[in-house]
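Take a look at the structure set out below.
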Protein chains: 2
Amino acid sequence: MITLYDLKTLHTGTRRGISPHTWKVRFALRFKGIPYTLRCIEMGDIEATAKSIGALPTSKKADGSPQYTIPFIQDSKTGKVISDSFDIIEYLDITYPETISMIPKGTRLLQGYFGQAAYKIIATQIMPVSASLIPTPYHTQGMAEWFRITRPDFVKVSPEQEKEGWEKFRSELGEVARLMKETDVFAMGDRVSFADCVLFGQLMVLKFFWNEETTEWKEMMNWHGGRWGRLIAAYYNLPDVEVQPEDPSS
Amino acid sequence: MITLYDLKTLHTGTRRGISPHTWKVRFALRFKGIPYTLRCIEMGDIEATAKSIGALPTSKKADGSPQYTIPFIQDSKTGKVISDSFDIIEYLDITYPETISMIPKGTRLLQGYFGQAAYKIIATQIMPVSASLIPTPYHTQGMAEWFRITRPDFVKVSPEQEKEGWEKFRSELGEVARLMKETDVFAMGDRVSFADCVLFGQLMVLKFFWNEETTEWKEMMNWHGGRWGRLIAAYYNLPDVEVQPEDPSS
């Protein structure tokens, strides 16, 4: 069984999940049909938890010390522990070759660069908007504190900045849509790949703030000919592979 | 015969060429083995020349009026005129299907997004550095004037900003290299594609300022295990398909 680590929130059930990078892996696991348990920890516990199971850091902090990040996975079948969403998904492709490959041959650089670039170009536009909604009733106290202390510039956004953020986010997603055919569900047209994990992750993290009933979510699902709604539907139309934990608080 | 439009400089022969976007098309044409003539015009003549042959604008200016850009091509075989490097290369793939396809099936979005993102993320780092070398002895007077008038903030860059620009450029290219195998020449591994046109274009435009003998160029060719040097060599190892014009000033 795969154990996948994410950050703890007060959302429960399948609504749990706050990291766009963890949502990439959840998308891949569902398309692959590989069962997993989501284990949710506090922001302040990432480093200790990672170290306790042997998950490697993914980058360096400004002071040069190792930076541990969500997600990481532990695979009880192989005993392997892997950090970083791209590396995790590549590991799943290699370890479970009978499942759908998310990084088709020859596309490793293009897929990986899409992930990095989409995060730099698309995700940064929506971050101040979503952070302006902090603290929400669904943040744990630890997460709300972390935002207030480490990202104080995010937490206060003017209505004009919020509107501008939304418009830029929509516009950058539009650049992606412009490169797709009208009927395409996936980035590669008729087959799913890592790029879809990335786009899905970006959208799903917004569900932390905006659920199906909000105007924001409904509008997004209709942007660019409704293609993001079709991507979300493609995920939900597949059988659920998340095994709910016995302790619902974890 | 394909006529490909670029900007006029005082460089002659195969050294002509200043737009990274035109270099993408020249790379594709050489790999495809399609002969072409490079026709070089002044910056101030882009719009009139484009209109005179029916080349469409590629975007809008801040005031909403149409923006005409280099490159565009005129294909005497089909009578077609196409603007925008991506659209031109896709046109060549479709019109000359017996040549190497630069946008392999299923990769259109990934290739196109790589081109856009690499320009936003990689190219912007080196632009202030190269602009700081303006005017060079190889700029026409019109081009030097254009830079002085429209990009005055570019033209004066401090030594610290120049060093920082180089480091960021190198670092962003390193992100690409990190996704490749050590021995790969091309972005897709063993086959050439549009992403290579993009990377080649970025490097070749720097040859306007730094030729093979400069420290800058030699260092770049050795970055990241020498892979950019191998990409440049892959181009030069193919037969030249540029037909030199009878009037060397055009």
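Going by the structure tokens order, chains are called A, B, ..., each with residues numbered from 1, while ligands are numbered from 1 in the order shown.
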(message) I need the chain B residues near chain A as a PyMOL selection string; criterion: at most 6 Å, counting only C-alpha atoms.
(response) chain B and resi 106-107+109-110+179+188-189
(request) Among the residues of range 28-67 of chain B, find those DSSP assigns to helix (DSSP H, G or I) from the backbone and print them as an NGL selection string. (result) :B and (28-32 or 43-53)
Write a file of the selected residues as a PDB file, in the first residue's frame, keeping N, CA and C atoms.
```
ATOM      1  N   ALA B  28      14.555  24.646 -37.830  1.00  0.00           N
ATOM      2  CA  ALA B  28      13.582  23.687 -38.368  1.00  0.00           C
ATOM      3  C   ALA B  28      13.818  23.461 -39.865  1.00  0.00           C
ATOM      4  N   LEU B  29      14.055  24.538 -40.616  1.00  0.00           N
ATOM      5  CA  LEU B  29      14.252  24.415 -42.065  1.00  0.00           C
ATOM      6  C   LEU B  29      15.491  23.583 -42.380  1.00  0.00           C
ATOM      7  N   ARG B  30      16.563  23.769 -41.600  1.00  0.00           N
ATOM      8  CA  ARG B  30      17.801  23.006 -41.853  1.00  0.00           C
ATOM      9  C   ARG B  30      17.594  21.520 -41.544  1.00  0.00           C
ATOM     10  N   PHE B  31      16.905  21.219 -40.427  1.00  0.00           N
ATOM     11  CA  PHE B  31      16.635  19.811 -40.112  1.00  0.00           C
ATOM     12  C   PHE B  31      15.677  19.183 -41.119  1.00  0.00           C
ATOM     13  N   LYS B  32      14.789  19.998 -41.672  1.00  0.00           N
ATOM     14  CA  LYS B  32      13.849  19.504 -42.668  1.00  0.00           C
ATOM     15  C   LYS B  32      14.468  19.433 -44.071  1.00  0.00           C
ATOM     16  N   MET B  43      13.680  47.310 -38.384  1.00  0.00           N
ATOM     17  CA  MET B  43      12.623  47.251 -37.378  1.00  0.00           C
ATOM     18  C   MET B  43      11.423  48.123 -37.776  1.00  0.00           C
ATOM     19  N   GLY B  44      11.722  49.321 -38.252  1.00  0.00           N
ATOM     20  CA  GLY B  44      10.656  50.253 -38.607  1.00  0.00           C
ATOM     21  C   GLY B  44       9.865  49.848 -39.834  1.00  0.00           C
ATOM     22  N   ASP B  45      10.351  48.838 -40.566  1.00  0.00           N
ATOM     23  CA  ASP B  45       9.669  48.414 -41.802  1.00  0.00           C
ATOM     24  C   ASP B  45       8.856  47.137 -41.628  1.00  0.00           C
ATOM     25  N   ILE B  46       8.812  46.591 -40.395  1.00  0.00           N
ATOM     26  CA  ILE B  46       8.127  45.307 -40.181  1.00  0.00           C
ATOM     27  C   ILE B  46       6.659  45.385 -40.613  1.00  0.00           C
ATOM     28  N   GLU B  47       5.954  46.395 -40.085  1.00  0.00           N
ATOM     29  CA  GLU B  47       4.510  46.457 -40.333  1.00  0.00           C
ATOM     30  C   GLU B  47       4.189  46.614 -41.822  1.00  0.00           C
ATOM     31  N   ALA B  48       4.894  47.553 -42.470  1.00  0.00           N
ATOM     32  CA  ALA B  48       4.620  47.801 -43.891  1.00  0.00           C
ATOM     33  C   ALA B  48       4.944  46.569 -44.732  1.00  0.00           C
ATOM     34  N   THR B  49       6.062  45.906 -44.428  1.00  0.00           N
ATOM     35  CA  THR B  49       6.455  44.716 -45.197  1.00  0.00           C
ATOM     36  C   THR B  49       5.437  43.597 -44.978  1.00  0.00           C
ATOM     37  N   ALA B  50       5.059  43.391 -43.701  1.00  0.00           N
ATOM     38  CA  ALA B  50       4.080  42.339 -43.394  1.00  0.00           C
ATOM     39  C   ALA B  50       2.791  42.589 -44.170  1.00  0.00           C
ATOM     40  N   LYS B  51       2.298  43.818 -44.103  1.00  0.00           N
ATOM     41  CA  LYS B  51       1.041  44.151 -44.800  1.00  0.00           C
ATOM     42  C   LYS B  51       1.165  43.967 -46.304  1.00  0.00           C
ATOM     43  N   SER B  52       2.348  44.324 -46.846  1.00  0.00           N
ATOM     44  CA  SER B  52       2.517  44.272 -48.305  1.00  0.00           C
ATOM     45  C   SER B  52       2.424  42.845 -48.844  1.00  0.00           C
ATOM     46  N   ILE B  53       2.763  41.842 -48.013  1.00  0.00           N
ATOM     47  CA  ILE B  53       2.656  40.457 -48.514  1.00  0.00           C
ATOM     48  C   ILE B  53       1.483  39.716 -47.859  1.00  0.00           C
TER      49      ILE B  53
END
```
(message) Give me the residues near Arg151 in chain B as a list in words, where near means some atom within 12 Å (using only C-alpha atoms) and where sequence neighbours in that chain fewer than 4 positions away do not count.
(response) Met127, Pro128, Ala131, Ser132, Ile134, Pro135, Met143, Ala144, Glu145, Trp146, Phe147, Val155, Lys156 and Val157 of chain B
(request) Rank nothing, just name the residue among A:Ile73, A:Val81, A:Val192, A:Ile149 nearest to Ile100 in chain A, using only C-alpha atoms. (result)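 Closest residue, counting only C-alpha atoms: A:Val192.
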(message) Applying 8 Å and only C-alpha atoms, which residues near range 231-245 of chain B remain after dropping the ones on its own chain fewer than 4 positions away? List them as a VMD selection string.
(response) chain B and resid 13 to 14 27 29 to 31 33 to 39 185 to 186 196 200 227 250
Those same residues - N, CA, C and O atoms - I'd like them written as a PDB file, in the first residue's frame.
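And here's again_6.pdb as it stands now:
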```
ATOM      1  N   GLY B  13      26.386  37.123 -44.479  1.00  0.00           N
ATOM      2  CA  GLY B  13      26.498  35.666 -44.633  1.00  0.00           C
ATOM      3  C   GLY B  13      25.655  34.943 -43.596  1.00  0.00           C
ATOM      4  O   GLY B  13      24.617  35.426 -43.155  1.00  0.00           O
ATOM      5  N   THR B  14      26.107  33.764 -43.174  1.00  0.00           N
ATOM      6  CA  THR B  14      25.300  32.934 -42.266  1.00  0.00           C
ATOM      7  C   THR B  14      25.247  33.528 -40.857  1.00  0.00           C
ATOM      8  O   THR B  14      24.454  33.083 -40.039  1.00  0.00           O
ATOM      9  N   PHE B  27      16.428  26.756 -37.773  1.00  0.00           N
ATOM     10  CA  PHE B  27      16.791  25.433 -37.246  1.00  0.00           C
ATOM     11  C   PHE B  27      15.869  24.377 -37.860  1.00  0.00           C
ATOM     12  O   PHE B  27      16.330  23.349 -38.376  1.00  0.00           O
ATOM     13  N   LEU B  29      14.055  24.538 -40.616  1.00  0.00           N
ATOM     14  CA  LEU B  29      14.252  24.415 -42.065  1.00  0.00           C
ATOM     15  C   LEU B  29      15.491  23.583 -42.380  1.00  0.00           C
ATOM     16  O   LEU B  29      15.491  22.769 -43.308  1.00  0.00           O
ATOM     17  N   ARG B  30      16.563  23.769 -41.600  1.00  0.00           N
ATOM     18  CA  ARG B  30      17.801  23.006 -41.853  1.00  0.00           C
ATOM     19  C   ARG B  30      17.594  21.520 -41.544  1.00  0.00           C
ATOM     20  O   ARG B  30      18.028  20.653 -42.299  1.00  0.00           O
ATOM     21  N   PHE B  31      16.905  21.219 -40.427  1.00  0.00           N
ATOM     22  CA  PHE B  31      16.635  19.811 -40.112  1.00  0.00           C
ATOM     23  C   PHE B  31      15.677  19.183 -41.119  1.00  0.00           C
ATOM     24  O   PHE B  31      15.755  17.992 -41.403  1.00  0.00           O
ATOM     25  N   GLY B  33      15.585  20.141 -44.238  1.00  0.00           N
ATOM     26  CA  GLY B  33      16.217  20.158 -45.557  1.00  0.00           C
ATOM     27  C   GLY B  33      15.448  20.972 -46.583  1.00  0.00           C
ATOM     28  O   GLY B  33      15.455  20.663 -47.773  1.00  0.00           O
ATOM     29  N   ILE B  34      14.758  22.017 -46.119  1.00  0.00           N
ATOM     30  CA  ILE B  34      13.979  22.876 -47.020  1.00  0.00           C
ATOM     31  C   ILE B  34      14.768  24.169 -47.292  1.00  0.00           C
ATOM     32  O   ILE B  34      15.070  24.909 -46.355  1.00  0.00           O
ATOM     33  N   PRO B  35      15.093  24.453 -48.567  1.00  0.00           N
ATOM     34  CA  PRO B  35      15.860  25.667 -48.875  1.00  0.00           C
ATOM     35  C   PRO B  35      15.049  26.939 -48.589  1.00  0.00           C
ATOM     36  O   PRO B  35      13.829  26.933 -48.720  1.00  0.00           O
ATOM     37  N   TYR B  36      15.758  27.993 -48.196  1.00  0.00           N
ATOM     38  CA  TYR B  36      15.068  29.268 -47.936  1.00  0.00           C
ATOM     39  C   TYR B  36      16.014  30.427 -48.188  1.00  0.00           C
ATOM     40  O   TYR B  36      17.234  30.262 -48.193  1.00  0.00           O
ATOM     41  N   THR B  37      15.419  31.587 -48.380  1.00  0.00           N
ATOM     42  CA  THR B  37      16.184  32.826 -48.461  1.00  0.00           C
ATOM     43  C   THR B  37      15.820  33.682 -47.266  1.00  0.00           C
ATOM     44  O   THR B  37      14.631  33.844 -46.954  1.00  0.00           O
ATOM     45  N   LEU B  38      16.829  34.233 -46.606  1.00  0.00           N
ATOM     46  CA  LEU B  38      16.590  35.120 -45.474  1.00  0.00           C
ATOM     47  C   LEU B  38      16.537  36.548 -46.006  1.00  0.00           C
ATOM     48  O   LEU B  38      17.477  37.005 -46.657  1.00  0.00           O
ATOM     49  N   ARG B  39      15.417  37.212 -45.744  1.00  0.00           N
ATOM     50  CA  ARG B  39      15.296  38.593 -46.214  1.00  0.00           C
ATOM     51  C   ARG B  39      15.275  39.486 -44.984  1.00  0.00           C
ATOM     52  O   ARG B  39      14.429  39.325 -44.101  1.00  0.00           O
ATOM     53  N   VAL B 185      21.140  14.858 -26.812  1.00  0.00           N
ATOM     54  CA  VAL B 185      21.391  16.087 -27.575  1.00  0.00           C
ATOM     55  C   VAL B 185      20.089  16.891 -27.658  1.00  0.00           C
ATOM     56  O   VAL B 185      20.094  18.109 -27.581  1.00  0.00           O
ATOM     57  N   PHE B 186      18.969  16.168 -27.765  1.00  0.00           N
ATOM     58  CA  PHE B 186      17.683  16.825 -28.012  1.00  0.00           C
ATOM     59  C   PHE B 186      16.765  16.753 -26.793  1.00  0.00           C
ATOM     60  O   PHE B 186      16.915  15.884 -25.928  1.00  0.00           O
ATOM     61  N   ASP B 196      13.768  21.981 -29.263  1.00  0.00           N
ATOM     62  CA  ASP B 196      15.165  22.223 -29.643  1.00  0.00           C
ATOM     63  C   ASP B 196      15.296  23.499 -30.470  1.00  0.00           C
ATOM     64  O   ASP B 196      16.290  24.213 -30.360  1.00  0.00           O
ATOM     65  N   PHE B 200      17.826  26.349 -29.280  1.00  0.00           N
ATOM     66  CA  PHE B 200      18.793  26.784 -30.290  1.00  0.00           C
ATOM     67  C   PHE B 200      18.622  28.278 -30.573  1.00  0.00           C
ATOM     68  O   PHE B 200      19.607  29.024 -30.632  1.00  0.00           O
ATOM     69  N   ARG B 227      26.167  20.299 -23.266  1.00  0.00           N
ATOM     70  CA  ARG B 227      25.035  19.884 -24.107  1.00  0.00           C
ATOM     71  C   ARG B 227      24.591  20.961 -25.085  1.00  0.00           C
ATOM     72  O   ARG B 227      24.103  20.641 -26.175  1.00  0.00           O
ATOM     73  N   SER B 250      20.568  42.876 -48.233  1.00  0.00           N
ATOM     74  CA  SER B 250      19.176  42.628 -47.838  1.00  0.00           C
ATOM     75  C   SER B 250      19.077  41.435 -46.899  1.00  0.00           C
ATOM     76  O   SER B 250      19.972  40.635 -46.782  1.00  0.00           O
TER      77      SER B 250
END
```
(message) So, with only C-alpha atoms as the atoms that count, which of A:Trp166, A:Tyr91, A:Phe209, A:Tyr68 lies closest to Ile2 in chain A?
(response) A:Tyr91
(request) Go ahead and compute the interatomic distance for CA of Thr3 in chain B and CA of Ser76 in chain B, in Å to one decimal. (result) 8.0 Å
Quick one: DSSP strand (DSSP E) residues in range 3-250 of chain B, as a PDB file with C-alpha atoms, in the first residue's frame?
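The resulting part.pdb:
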```pdb
ATOM      1  CA  THR B   3      11.350  33.542 -48.007  1.00  0.00           C
ATOM      2  CA  LEU B   4      11.917  34.059 -44.282  1.00  0.00           C
ATOM      3  CA  TYR B   5      11.951  37.573 -42.841  1.00  0.00           C
ATOM      4  CA  ASP B   6      14.337  38.739 -40.107  1.00  0.00           C
ATOM      5  CA  LEU B   7      15.821  42.030 -38.940  1.00  0.00           C
ATOM      6  CA  TYR B  36      15.068  29.268 -47.936  1.00  0.00           C
ATOM      7  CA  THR B  37      16.184  32.826 -48.461  1.00  0.00           C
ATOM      8  CA  LEU B  38      16.590  35.120 -45.474  1.00  0.00           C
ATOM      9  CA  ARG B  39      15.296  38.593 -46.214  1.00  0.00           C
ATOM     10  CA  CYS B  40      16.409  41.196 -43.672  1.00  0.00           C
ATOM     11  CA  ILE B  41      14.469  44.398 -43.046  1.00  0.00           C
ATOM     12  CA  SER B  59      -0.671  40.185 -31.024  1.00  0.00           C
ATOM     13  CA  LYS B  60      -1.948  43.573 -29.961  1.00  0.00           C
ATOM     14  CA  PRO B  66      -2.341  45.177 -34.240  1.00  0.00           C
ATOM     15  CA  GLN B  67       1.277  44.220 -33.503  1.00  0.00           C
ATOM     16  CA  PHE B  72       6.962  35.651 -41.074  1.00  0.00           C
ATOM     17  CA  ILE B  73       7.385  33.537 -44.194  1.00  0.00           C
ATOM     18  CA  GLN B  74       6.163  33.572 -47.755  1.00  0.00           C
ATOM     19  CA  ASP B  75       6.067  30.185 -49.479  1.00  0.00           C
ATOM     20  CA  VAL B  81       2.103  33.670 -45.901  1.00  0.00           C
ATOM     21  CA  ILE B  82       2.411  32.682 -42.224  1.00  0.00           C
ATOM     22  CA  SER B  83       3.376  34.704 -39.112  1.00  0.00           C
TER      23      SER B  83
END
```
(request) Name all residues at most 12 Å from Ile94 in chain B (count only C-alpha atoms; drop same-chain ones fewer than 6 positions away) and give them as a ChimeraX atom specification. (result) /B:87-88,100-105
(request) Considering only C-alpha atoms, return as a PyMOL selection string whatever protein or nucleic-acid residues lie within 10 Å of range 211-223 of chain A, sequence-local ones (same chain, fewer than 4 positions apart) excluded. (result) chain A and resi 15+166+170-171+173-174+177+203-204+206-207+227-232
